Structures are given as structure tokens and as C-alpha cells.
>>> print(open('data.json').read())   # JSON, C-alpha atoms
[["chain", "number", "residue", "atom", "x", "y", "z"],
["Z", 204, "ALA", "CA", -41.06, 8.99, -38.95],
["Z", 205, "GLU", "CA", -38.70, 11.18, -40.89],
["Z", 206, "ALA", "CA", -38.23, 14.92, -40.76],
["Z", 207, "GLU", "CA", -37.59, 17.00, -43.84],
["Z", 208, "GLY", "CA", -34.60, 19.30, -43.53],
["Z", 209, "VAL", "CA", -32.95, 20.45, -40.33],
["Z", 210, "THR", "CA", -35.09, 20.39, -37.19],
["Z", 211, "ASP", "CA", -34.46, 21.82, -33.75],
["Z", 212, "GLN", "CA", -35.43, 20.33, -30.37],
["Z", 213, "ASP", "CA", -38.75, 22.21, -30.21],
["Z", 214, "GLN", "CA", -39.75, 20.99, -33.68],
["Z", 215, "LEU", "CA", -38.83, 17.39, -32.76],
["Z", 216, "ARG", "CA", -40.90, 17.59, -29.57],
["Z", 217, "LEU", "CA", -43.91, 18.89, -31.52],
["Z", 218, "MET", "CA", -43.50, 16.15, -34.14],
["Z", 219, "ALA", "CA", -43.30, 13.45, -31.43],
["Z", 220, "LYS", "CA", -46.35, 14.92, -29.67],
["Z", 221, "ASN", "CA", -48.36, 14.90, -32.91],
["Z", 222, "LEU", "CA", -47.28, 11.33, -33.68],
["Z", 223, "LEU", "CA", -48.33, 10.08, -30.21],
["Z", 224, "GLU", "CA", -51.65, 11.90, -30.41],
["Z", 225, "ASP", "CA", -52.36, 10.51, -33.89],
["Z", 226, "ARG", "CA", -51.17, 6.89, -33.50],
["Z", 227, "PHE", "CA", -52.12, 6.26, -29.85],
["Z", 228, "GLN", "CA", -54.99, 8.76, -29.40],
["Z", 229, "LEU", "CA", -52.93, 10.07, -26.49],
["Z", 230, "LYS", "CA", -54.60, 12.75, -24.39],
["Z", 231, "LEU", "CA", -52.81, 14.17, -21.38],
["Z", 232, "HIS", "CA", -52.58, 17.25, -19.22],
["Z", 233, "ARG", "CA", -50.12, 18.77, -16.79],
["Z", 234, "GLY", "CA", -50.82, 18.59, -13.09],
["Z", 235, "THR", "CA", -49.09, 19.02, -9.75],
["Z", 236, "ARG", "CA", -48.60, 16.28, -7.16],
["Z", 237, "ASP", "CA", -46.86, 16.23, -3.78],
["Z", 238, "LEU", "CA", -44.06, 13.72, -4.35],
["Z", 239, "PRO", "CA", -40.85, 12.68, -2.60],
["Z", 240, "VAL", "CA", -37.99, 14.92, -3.76],
["Z", 241, "TYR", "CA", -34.52, 15.96, -2.73],
["Z", 242, "LEU", "CA", -34.14, 19.66, -2.01],
["Z", 243, "LEU", "CA", -30.61, 20.81, -2.84],
["Z", 244, "THR", "CA", -29.54, 23.42, -0.30],
["Z", 245, "GLN", "CA", -26.31, 25.19, 0.57],
["Z", 246, "GLY", "CA", -24.30, 23.58, 3.37],
["Z", 247, "LYS", "CA", -23.24, 25.33, 6.57],
["Z", 248, "ASN", "CA", -20.08, 26.78, 5.01],
["Z", 249, "GLY", "CA", -21.59, 27.69, 1.62],
["Z", 250, "VAL", "CA", -21.05, 26.36, -1.87],
["Z", 251, "LYS", "CA", -17.58, 24.93, -2.64],
["Z", 252, "THR", "CA", -17.33, 25.48, -6.38],
["Z", 253, "THR", "CA", -15.19, 27.65, -8.60],
["Z", 254, "ALA", "CA", -17.31, 30.58, -9.77],
["Z", 255, "THR", "CA", -16.87, 31.57, -13.41],
["Z", 256, "PRO", "CA", -15.11, 34.96, -13.32],
["Z", 257, "ASP", "CA", -16.83, 37.97, -14.86],
["Z", 258, "ASN", "CA", -14.18, 39.39, -17.16],
["Z", 259, "GLY", "CA", -16.54, 41.53, -19.21],
["Z", 260, "ARG", "CA", -16.76, 39.01, -22.06],
["Z", 261, "PRO", "CA", -19.93, 37.01, -22.65],
["Z", 262, "ILE", "CA", -19.92, 33.83, -20.57],
["Z", 263, "ARG", "CA", -19.95, 30.79, -22.82],
["Z", 264, "THR", "CA", -22.55, 28.11, -22.48],
["Z", 265, "GLY", "CA", -21.32, 25.48, -20.08],
["Z", 266, "PHE", "CA", -21.03, 21.73, -20.30],
["Z", 267, "ILE", "CA", -21.34, 18.75, -17.99],
["Z", 268, "GLU", "CA", -19.55, 15.50, -18.76],
["Z", 269, "PRO", "CA", -20.01, 12.10, -17.14],
["Z", 270, "MET", "CA", -16.39, 10.93, -17.08],
["Z", 271, "GLU", "CA", -17.08, 7.42, -15.77],
["Z", 272, "PRO", "CA", -19.64, 5.89, -13.42],
["Z", 273, "GLY", "CA", -19.60, 8.02, -10.29],
["Z", 274, "TRP", "CA", -17.74, 10.97, -11.79],
["Z", 275, "LEU", "CA", -19.28, 14.15, -13.18],
["Z", 276, "GLN", "CA", -17.54, 17.37, -14.02],
["Z", 277, "GLY", "CA", -18.65, 20.58, -15.61],
["Z", 278, "ALA", "CA", -17.53, 24.08, -16.48],
["Z", 279, "ASP", "CA", -19.39, 27.38, -16.72],
["Z", 280, "ILE", "CA", -22.73, 25.83, -15.75],
["Z", 281, "THR", "CA", -25.79, 27.08, -13.94],
["Z", 282, "MET", "CA", -27.27, 25.48, -10.85],
["Z", 283, "LYS", "CA", -30.28, 24.52, -13.00],
["Z", 284, "SER", "CA", -27.99, 22.53, -15.35],
["Z", 285, "PHE", "CA", -26.22, 20.88, -12.44],
["Z", 286, "ILE", "CA", -29.52, 19.85, -10.84],
["Z", 287, "SER", "CA", -30.77, 18.46, -14.14],
["Z", 288, "SER", "CA", -27.68, 16.24, -14.39],
["Z", 289, "LEU", "CA", -27.72, 15.32, -10.70],
["Z", 290, "SER", "CA", -31.36, 14.18, -10.95],
["Z", 291, "ARG", "CA", -30.29, 11.41, -13.34],
["Z", 292, "TYR", "CA", -28.36, 9.78, -10.49],
["Z", 293, "THR", "CA", -31.00, 9.98, -7.76],
["Z", 294, "ASP", "CA", -34.16, 8.00, -7.13],
["Z", 295, "ARG", "CA", -36.37, 11.11, -7.08],
["Z", 296, "PRO", "CA", -36.43, 14.62, -8.56],
["Z", 297, "VAL", "CA", -33.99, 17.23, -7.24],
["Z", 298, "LEU", "CA", -35.28, 20.76, -6.61],
["Z", 299, "ASP", "CA", -33.17, 23.90, -6.24],
["Z", 300, "GLY", "CA", -33.14, 25.46, -2.78],
["Z", 301, "THR", "CA", -29.64, 26.95, -3.07],
["Z", 302, "ASN", "CA", -30.39, 30.51, -4.23],
["Z", 303, "TYR", "CA", -27.03, 30.23, -6.04],
["Z", 304, "THR", "CA", -27.04, 32.33, -9.22],
["Z", 305, "GLN", "CA", -23.41, 32.31, -10.43],
["Z", 306, "LYS", "CA", -22.12, 30.01, -13.15],
["Z", 307, "PHE", "CA", -19.51, 27.62, -11.80],
["Z", 308, "THR", "CA", -17.06, 24.80, -12.47],
["Z", 309, "PHE", "CA", -17.11, 21.56, -10.49],
["Z", 310, "LYS", "CA", -15.84, 17.98, -10.22],
["Z", 311, "LEU", "CA", -17.92, 15.42, -8.31],
["Z", 312, "GLN", "CA", -16.82, 11.84, -7.58],
["Z", 313, "TRP", "CA", -18.82, 9.25, -5.66],
["Z", 314, "ALA", "CA", -19.18, 5.48, -5.24],
["Z", 315, "ALA", "CA", -21.37, 4.36, -8.14],
["Z", 316, "GLU", "CA", -21.45, 0.64, -7.34],
["Z", 317, "GLY", "CA", -24.02, -1.16, -5.22],
["Z", 318, "VAL", "CA", -27.30, 0.32, -6.42],
["Z", 319, "PRO", "CA", -28.61, 1.46, -9.82],
["Z", 320, "GLY", "CA", -27.28, 4.95, -10.47],
["Z", 321, "GLY", "CA", -25.17, 4.71, -7.33],
["Z", 322, "ALA", "CA", -27.42, 7.25, -5.65],
["Z", 323, "ALA", "CA", -29.90, 5.67, -3.26],
["Z", 324, "PRO", "CA", -29.23, 6.17, 0.44],
["Z", 325, "PRO", "CA", -27.19, 3.26, 1.91],
["Z", 326, "ASP", "CA", -30.16, 1.76, 3.78],
["Z", 327, "ALA", "CA", -32.14, 1.54, 0.51],
["Z", 328, "ALA", "CA", -29.79, -0.93, -1.25],
["Z", 329, "PRO", "CA", -31.50, -4.17, -2.34],
["Z", 330, "PRO", "CA", -30.35, -7.33, -0.50],
["Z", 331, "ASP", "CA", -28.71, -8.78, -3.65],
["Z", 332, "ALA", "CA", -26.82, -5.57, -4.54],
["Z", 333, "ALA", "CA", -23.06, -5.62, -4.97],
["Z", 334, "PRO", "CA", -21.14, -4.32, -1.97],
["Z", 335, "PRO", "CA", -20.68, -0.57, -2.14],
["Z", 336, "ASP", "CA", -17.38, 0.95, -3.29],
["Z", 337, "THR", "CA", -15.84, 2.24, -0.05],
["Z", 338, "SER", "CA", -12.98, 4.06, -1.76],
["Z", 339, "ARG", "CA", -15.36, 6.91, -2.61],
["Z", 340, "PRO", "CA", -18.22, 8.42, -0.58],
["Z", 341, "SER", "CA", -21.91, 8.03, -1.43],
["Z", 342, "LEU", "CA", -23.42, 10.59, -3.79],
["Z", 343, "PHE", "CA", -25.08, 12.35, -0.85],
["Z", 344, "THR", "CA", -21.81, 12.62, 1.09],
["Z", 345, "ALA", "CA", -19.84, 13.63, -2.03],
["Z", 346, "VAL", "CA", -22.28, 16.46, -2.84],
["Z", 347, "GLN", "CA", -21.90, 17.73, 0.71],
["Z", 348, "GLU", "CA", -18.13, 17.31, 1.13],
["Z", 349, "GLN", "CA", -16.97, 18.20, -2.39],
["Z", 350, "MET", "CA", -19.49, 20.91, -3.30],
["Z", 351, "GLY", "CA", -20.75, 22.33, -0.01],
["Z", 352, "LEU", "CA", -24.31, 21.38, -0.92],
["Z", 353, "LYS", "CA", -26.80, 19.13, 0.83],
["Z", 354, "LEU", "CA", -29.57, 16.86, -0.52],
["Z", 355, "VAL", "CA", -32.51, 16.92, 1.90],
["Z", 356, "ALA", "CA", -35.29, 14.34, 1.47],
["Z", 357, "GLN", "CA", -38.79, 15.80, 1.69],
["Z", 358, "LYS", "CA", -42.12, 16.06, -0.14],
["Z", 359, "ALA", "CA", -42.88, 18.96, -2.46],
["Z", 360, "PRO", "CA", -45.22, 19.87, -5.32],
["Z", 361, "VAL", "CA", -43.85, 18.53, -8.60],
["Z", 362, "GLU", "CA", -45.24, 19.09, -12.09],
["Z", 363, "VAL", "CA", -46.33, 15.79, -13.68],
["Z", 364, "LEU", "CA", -47.95, 14.65, -16.91],
["Z", 365, "VAL", "CA", -51.29, 12.92, -16.33],
["Z", 366, "ILE", "CA", -52.49, 10.51, -19.04],
["Z", 367, "ASP", "CA", -56.21, 10.96, -19.63],
["Z", 368, "ARG", "CA", -56.53, 8.51, -22.52],
["Z", 369, "ILE", "CA", -54.36, 6.15, -24.57],
["Z", 370, "GLU", "CA", -55.22, 3.36, -26.99],
["Z", 371, "ARG", "CA", -53.40, 0.66, -28.91],
["Z", 372, "PRO", "CA", -51.68, 2.16, -31.96],
["Z", 373, "SER", "CA", -53.60, 2.47, -35.20],
["Z", 374, "GLU", "CA", -52.59, 0.31, -38.16],
["Z", 375, "ASN", "CA", -49.95, 1.67, -40.57]]
>>> encode(input="data.json", output="C-alpha cells")
Amino acid sequence: AEAEGVTDQDQLRLMAKNLLEDRFQLKLHRGTRDLPVYLLTQGKNGVKTTATPDNGRPIRTGFIEPMEPGWLQGADITMKSFISSLSRYTDRPVLDGTNYTQKFTFKLQWAAEGVPGGAAPPDAAPPDAAPPDTSRPSLFTAVQEQMGLKLVAQKAPVEVLVIDRIERPSEN
């Protein structure tokens, strides 16, 4: 598929949706399921990040960079952006329970070896996994020690896409 001219993210999503509906007869709907999640909460001593100062000028849109496996850093970001990035390194969705509304800057380093994503709790590592990197803490410990946040395992309602119908693709 090719797009004519410049397209934004919303236009690309709509084009992909139309393509899947047309070629695969895809029919789906949104639903809610109780699933295992991590709830991100503030630790006992509060969030340990550098808040973006309010100097009267508009706050720029932030960024988050993966520097290397097991190292994320960002500047001028929202908790929503941080959680979106953090979810990529965990084995389940992360939900916001922090009530933290300021933009902030952070650096997070953890042991990325041993399990895919370097995020599963230590007792969840497969038997053939490489030994964990002990020079850095686990992701869960790093989030708590370096950012003053805590990942709590629990079940919660999560929005999901439910496939109602799908077929083999039509011929070109």
C-alpha cells in the first residue's frame, strides 16, 4: 500500500484499518477484561525525579531515549509517556496509580540480561536463561530505588481488542 502525499499518524491508522477490513474481512470490537497488570504507585518517600521547572515559557514536548539495553532516560515527560515506555520492558501492562501530574526528567538503569526485556521478576526467569547481571538491580528494584516509584502486581480492568471475524486474505 502506498499513501499519496504527506500523512499523519491518524491517517495511517485509518488506512491500515481499512486495509485489514478489506483484505482480511477483519471485524473487531473493544472490550474490557480483568488482566494481570502492574500498578505504578508512589513509594513511601515520594517520587525521586527532577520536575520540569515552570518558568512561564511553554513547556516543550519531552522525549524518552533507550540508551542501551537496561537504560532509559527522558526529559520533560509526563507520567503517561513514562508508563508507555516502561510497559515495553514488562511482561504485562503498566497502569498509572501515581497521581503525579508534573513533567519530569529521569534516568533509569537496570539489569537487562537474563530474561527477554530484562523485566520479569527474578523467580519468573526460564531455566535456560543467561545468569542475571548483578552489577545493576532488576527493573522493579531500579524503579523503586532510582525513581521512588513501585510496580505492584495485581489484576485490573484493561481495554482489549476482541476479534469477531477474520479470514484468509483476498487475492490481489
>>> closest_atom_pairs(input="data.json", of="segment 226-245 of chain Z", to="segment 341-351 of chain Z", cutoff="10 Å", atoms="only C-alpha atoms", output="JSON lines")
{"residue": "Z:Leu243", "atom": "CA", "partner": "Z:Val346", "partner_atom": "CA", "distance": 9.4}
{"residue": "Z:Thr244", "atom": "CA", "partner": "Z:Gly351", "partner_atom": "CA", "distance": 8.9}
{"residue": "Z:Gln245", "atom": "CA", "partner": "Z:Gly351", "partner_atom": "CA", "distance": 6.3}
>>> atom_distance(input="data.json", atom1="atom CA of Gln276 of chain Z", atom2="atom CA of Leu311 of chain Z")
6.0 Å
>>> residues_around(input="data.json", residues="Val361 of chain Z", least_positions_apart="2", cutoff="12 Å", atoms="all atoms listed in the file", output="PyMOL selection string")
chain Z and resi 233-242+295-298+357-359+363-364
>>> write_last_selection(input="data.json", atoms="C-alpha atoms", output="PDB file, in the frame of the given file")
ATOM      1  CA  ARG Z 233     -50.120  18.770 -16.790  1.00  0.00           C
ATOM      2  CA  GLY Z 234     -50.820  18.590 -13.090  1.00  0.00           C
ATOM      3  CA  THR Z 235     -49.090  19.020  -9.750  1.00  0.00           C
ATOM      4  CA  ARG Z 236     -48.600  16.280  -7.160  1.00  0.00           C
ATOM      5  CA  ASP Z 237     -46.860  16.230  -3.780  1.00  0.00           C
ATOM      6  CA  LEU Z 238     -44.060  13.720  -4.350  1.00  0.00           C
ATOM      7  CA  PRO Z 239     -40.850  12.680  -2.600  1.00  0.00           C
ATOM      8  CA  VAL Z 240     -37.990  14.920  -3.760  1.00  0.00           C
ATOM      9  CA  TYR Z 241     -34.520  15.960  -2.730  1.00  0.00           C
ATOM     10  CA  LEU Z 242     -34.140  19.660  -2.010  1.00  0.00           C
ATOM     11  CA  ARG Z 295     -36.370  11.110  -7.080  1.00  0.00           C
ATOM     12  CA  PRO Z 296     -36.430  14.620  -8.560  1.00  0.00           C
ATOM     13  CA  VAL Z 297     -33.990  17.230  -7.240  1.00  0.00           C
ATOM     14  CA  LEU Z 298     -35.280  20.760  -6.610  1.00  0.00           C
ATOM     15  CA  GLN Z 357     -38.790  15.800   1.690  1.00  0.00           C
ATOM     16  CA  LYS Z 358     -42.120  16.060  -0.140  1.00  0.00           C
ATOM     17  CA  ALA Z 359     -42.880  18.960  -2.460  1.00  0.00           C
ATOM     18  CA  VAL Z 363     -46.330  15.790 -13.680  1.00  0.00           C
ATOM     19  CA  LEU Z 364     -47.950  14.650 -16.910  1.00  0.00           C
TER      20      LEU Z 364
END
>>> closest_residue(input="data.json", among="Z:Lys306, Z:Arg339, Z:Arg371, Z:Lys230", to="Phe266 of chain Z", atoms="all atoms listed in the file")
Z:Lys306
>>> atom_distance(input="data.json", atom1="atom CA of Tyr292 of chain Z", atom2="atom CA of Gln312 of chain Z")
12.1 Å
>>> atom_distance(input="data.json", atom1="atom CA of Val209 of chain Z", atom2="atom CA of Leu222 of chain Z")
18.2 Å
>>> residues_around(input="data.json", residues="Trp274 of chain Z", least_positions_apart="3", cutoff="8 Å", atoms="only C-alpha atoms", output="VMD selection string")
chain Z and resid 269 to 271 310 to 313
>>> decode(input="data.json", residues="segment 271-295 of chain Z", atoms="N, CA, C and O atoms", output="compact mmCIF listing (two decimals), in the first residue's frame")
# COMPACT_ATOMS: atom_id res chain seq x y z
N GLU Z 271 20.75 2.11 25.91
CA GLU Z 271 21.31 0.77 25.70
C GLU Z 271 20.38 -0.18 26.43
O GLU Z 271 19.51 0.28 27.17
N PRO Z 272 20.52 -1.49 26.25
CA PRO Z 272 19.64 -2.38 27.00
C PRO Z 272 19.75 -2.12 28.50
O PRO Z 272 20.85 -2.06 29.05
N GLY Z 273 18.61 -1.89 29.13
CA GLY Z 273 18.60 -1.63 30.56
C GLY Z 273 18.90 -0.20 30.95
O GLY Z 273 19.25 0.07 32.10
N TRP Z 274 18.73 0.74 30.03
CA TRP Z 274 18.98 2.14 30.35
C TRP Z 274 18.03 3.02 29.55
O TRP Z 274 18.10 3.07 28.32
N LEU Z 275 17.14 3.69 30.26
CA LEU Z 275 16.21 4.66 29.67
C LEU Z 275 16.47 6.01 30.31
O LEU Z 275 16.75 6.08 31.50
N GLN Z 276 16.32 7.05 29.53
CA GLN Z 276 16.34 8.38 30.13
C GLN Z 276 15.40 9.26 29.34
O GLN Z 276 15.13 9.00 28.17
N GLY Z 277 14.89 10.27 30.01
CA GLY Z 277 13.95 11.17 29.36
C GLY Z 277 13.97 12.54 30.00
O GLY Z 277 14.43 12.70 31.13
N ALA Z 278 13.45 13.51 29.26
CA ALA Z 278 13.39 14.88 29.76
C ALA Z 278 12.05 15.49 29.41
O ALA Z 278 11.52 15.25 28.32
N ASP Z 279 11.50 16.25 30.35
CA ASP Z 279 10.25 16.98 30.15
C ASP Z 279 9.11 16.05 29.71
O ASP Z 279 8.38 16.36 28.78
N ILE Z 280 8.97 14.92 30.39
CA ILE Z 280 7.95 13.96 30.00
C ILE Z 280 6.83 13.89 31.04
O ILE Z 280 7.00 14.30 32.18
N THR Z 281 5.72 13.35 30.61
CA THR Z 281 4.59 13.13 31.51
C THR Z 281 4.67 11.71 32.06
O THR Z 281 5.36 10.85 31.49
N MET Z 282 3.94 11.46 33.13
CA MET Z 282 3.90 10.11 33.68
C MET Z 282 3.30 9.15 32.66
O MET Z 282 3.73 8.00 32.55
N LYS Z 283 2.33 9.62 31.88
CA LYS Z 283 1.72 8.78 30.84
C LYS Z 283 2.77 8.31 29.84
O LYS Z 283 2.80 7.14 29.46
N SER Z 284 3.66 9.21 29.41
CA SER Z 284 4.73 8.85 28.47
C SER Z 284 5.71 7.87 29.11
O SER Z 284 6.15 6.92 28.46
N PHE Z 285 6.05 8.10 30.36
CA PHE Z 285 6.97 7.20 31.05
C PHE Z 285 6.37 5.80 31.14
O PHE Z 285 7.03 4.81 30.85
N ILE Z 286 5.10 5.72 31.51
CA ILE Z 286 4.44 4.42 31.65
C ILE Z 286 4.35 3.71 30.31
O ILE Z 286 4.54 2.49 30.24
N SER Z 287 4.10 4.45 29.26
CA SER Z 287 4.06 3.85 27.93
C SER Z 287 5.40 3.21 27.58
O SER Z 287 5.46 2.09 27.07
N SER Z 288 6.49 3.90 27.87
CA SER Z 288 7.83 3.34 27.62
C SER Z 288 8.13 2.18 28.55
O SER Z 288 8.66 1.15 28.13
N LEU Z 289 7.81 2.34 29.82
CA LEU Z 289 8.08 1.29 30.81
C LEU Z 289 7.36 -0.01 30.47
O LEU Z 289 7.90 -1.10 30.65
N SER Z 290 6.15 0.09 29.93
CA SER Z 290 5.37 -1.09 29.58
C SER Z 290 6.05 -1.97 28.55
O SER Z 290 5.81 -3.17 28.49
N ARG Z 291 6.92 -1.39 27.75
CA ARG Z 291 7.65 -2.17 26.74
C ARG Z 291 8.66 -3.13 27.36
O ARG Z 291 9.15 -4.04 26.71
N TYR Z 292 9.00 -2.91 28.63
CA TYR Z 292 10.01 -3.72 29.29
C TYR Z 292 9.43 -4.64 30.35
O TYR Z 292 10.18 -5.26 31.10
N THR Z 293 8.11 -4.71 30.45
CA THR Z 293 7.47 -5.58 31.43
C THR Z 293 6.66 -6.65 30.72
O THR Z 293 6.37 -6.53 29.52
N ASP Z 294 6.27 -7.66 31.45
CA ASP Z 294 5.53 -8.77 30.88
C ASP Z 294 4.02 -8.57 30.95
O ASP Z 294 3.26 -9.49 30.67
N ARG Z 295 3.57 -7.40 31.36
CA ARG Z 295 2.15 -7.08 31.43
C ARG Z 295 1.98 -5.57 31.37
O ARG Z 295 2.94 -4.83 31.58
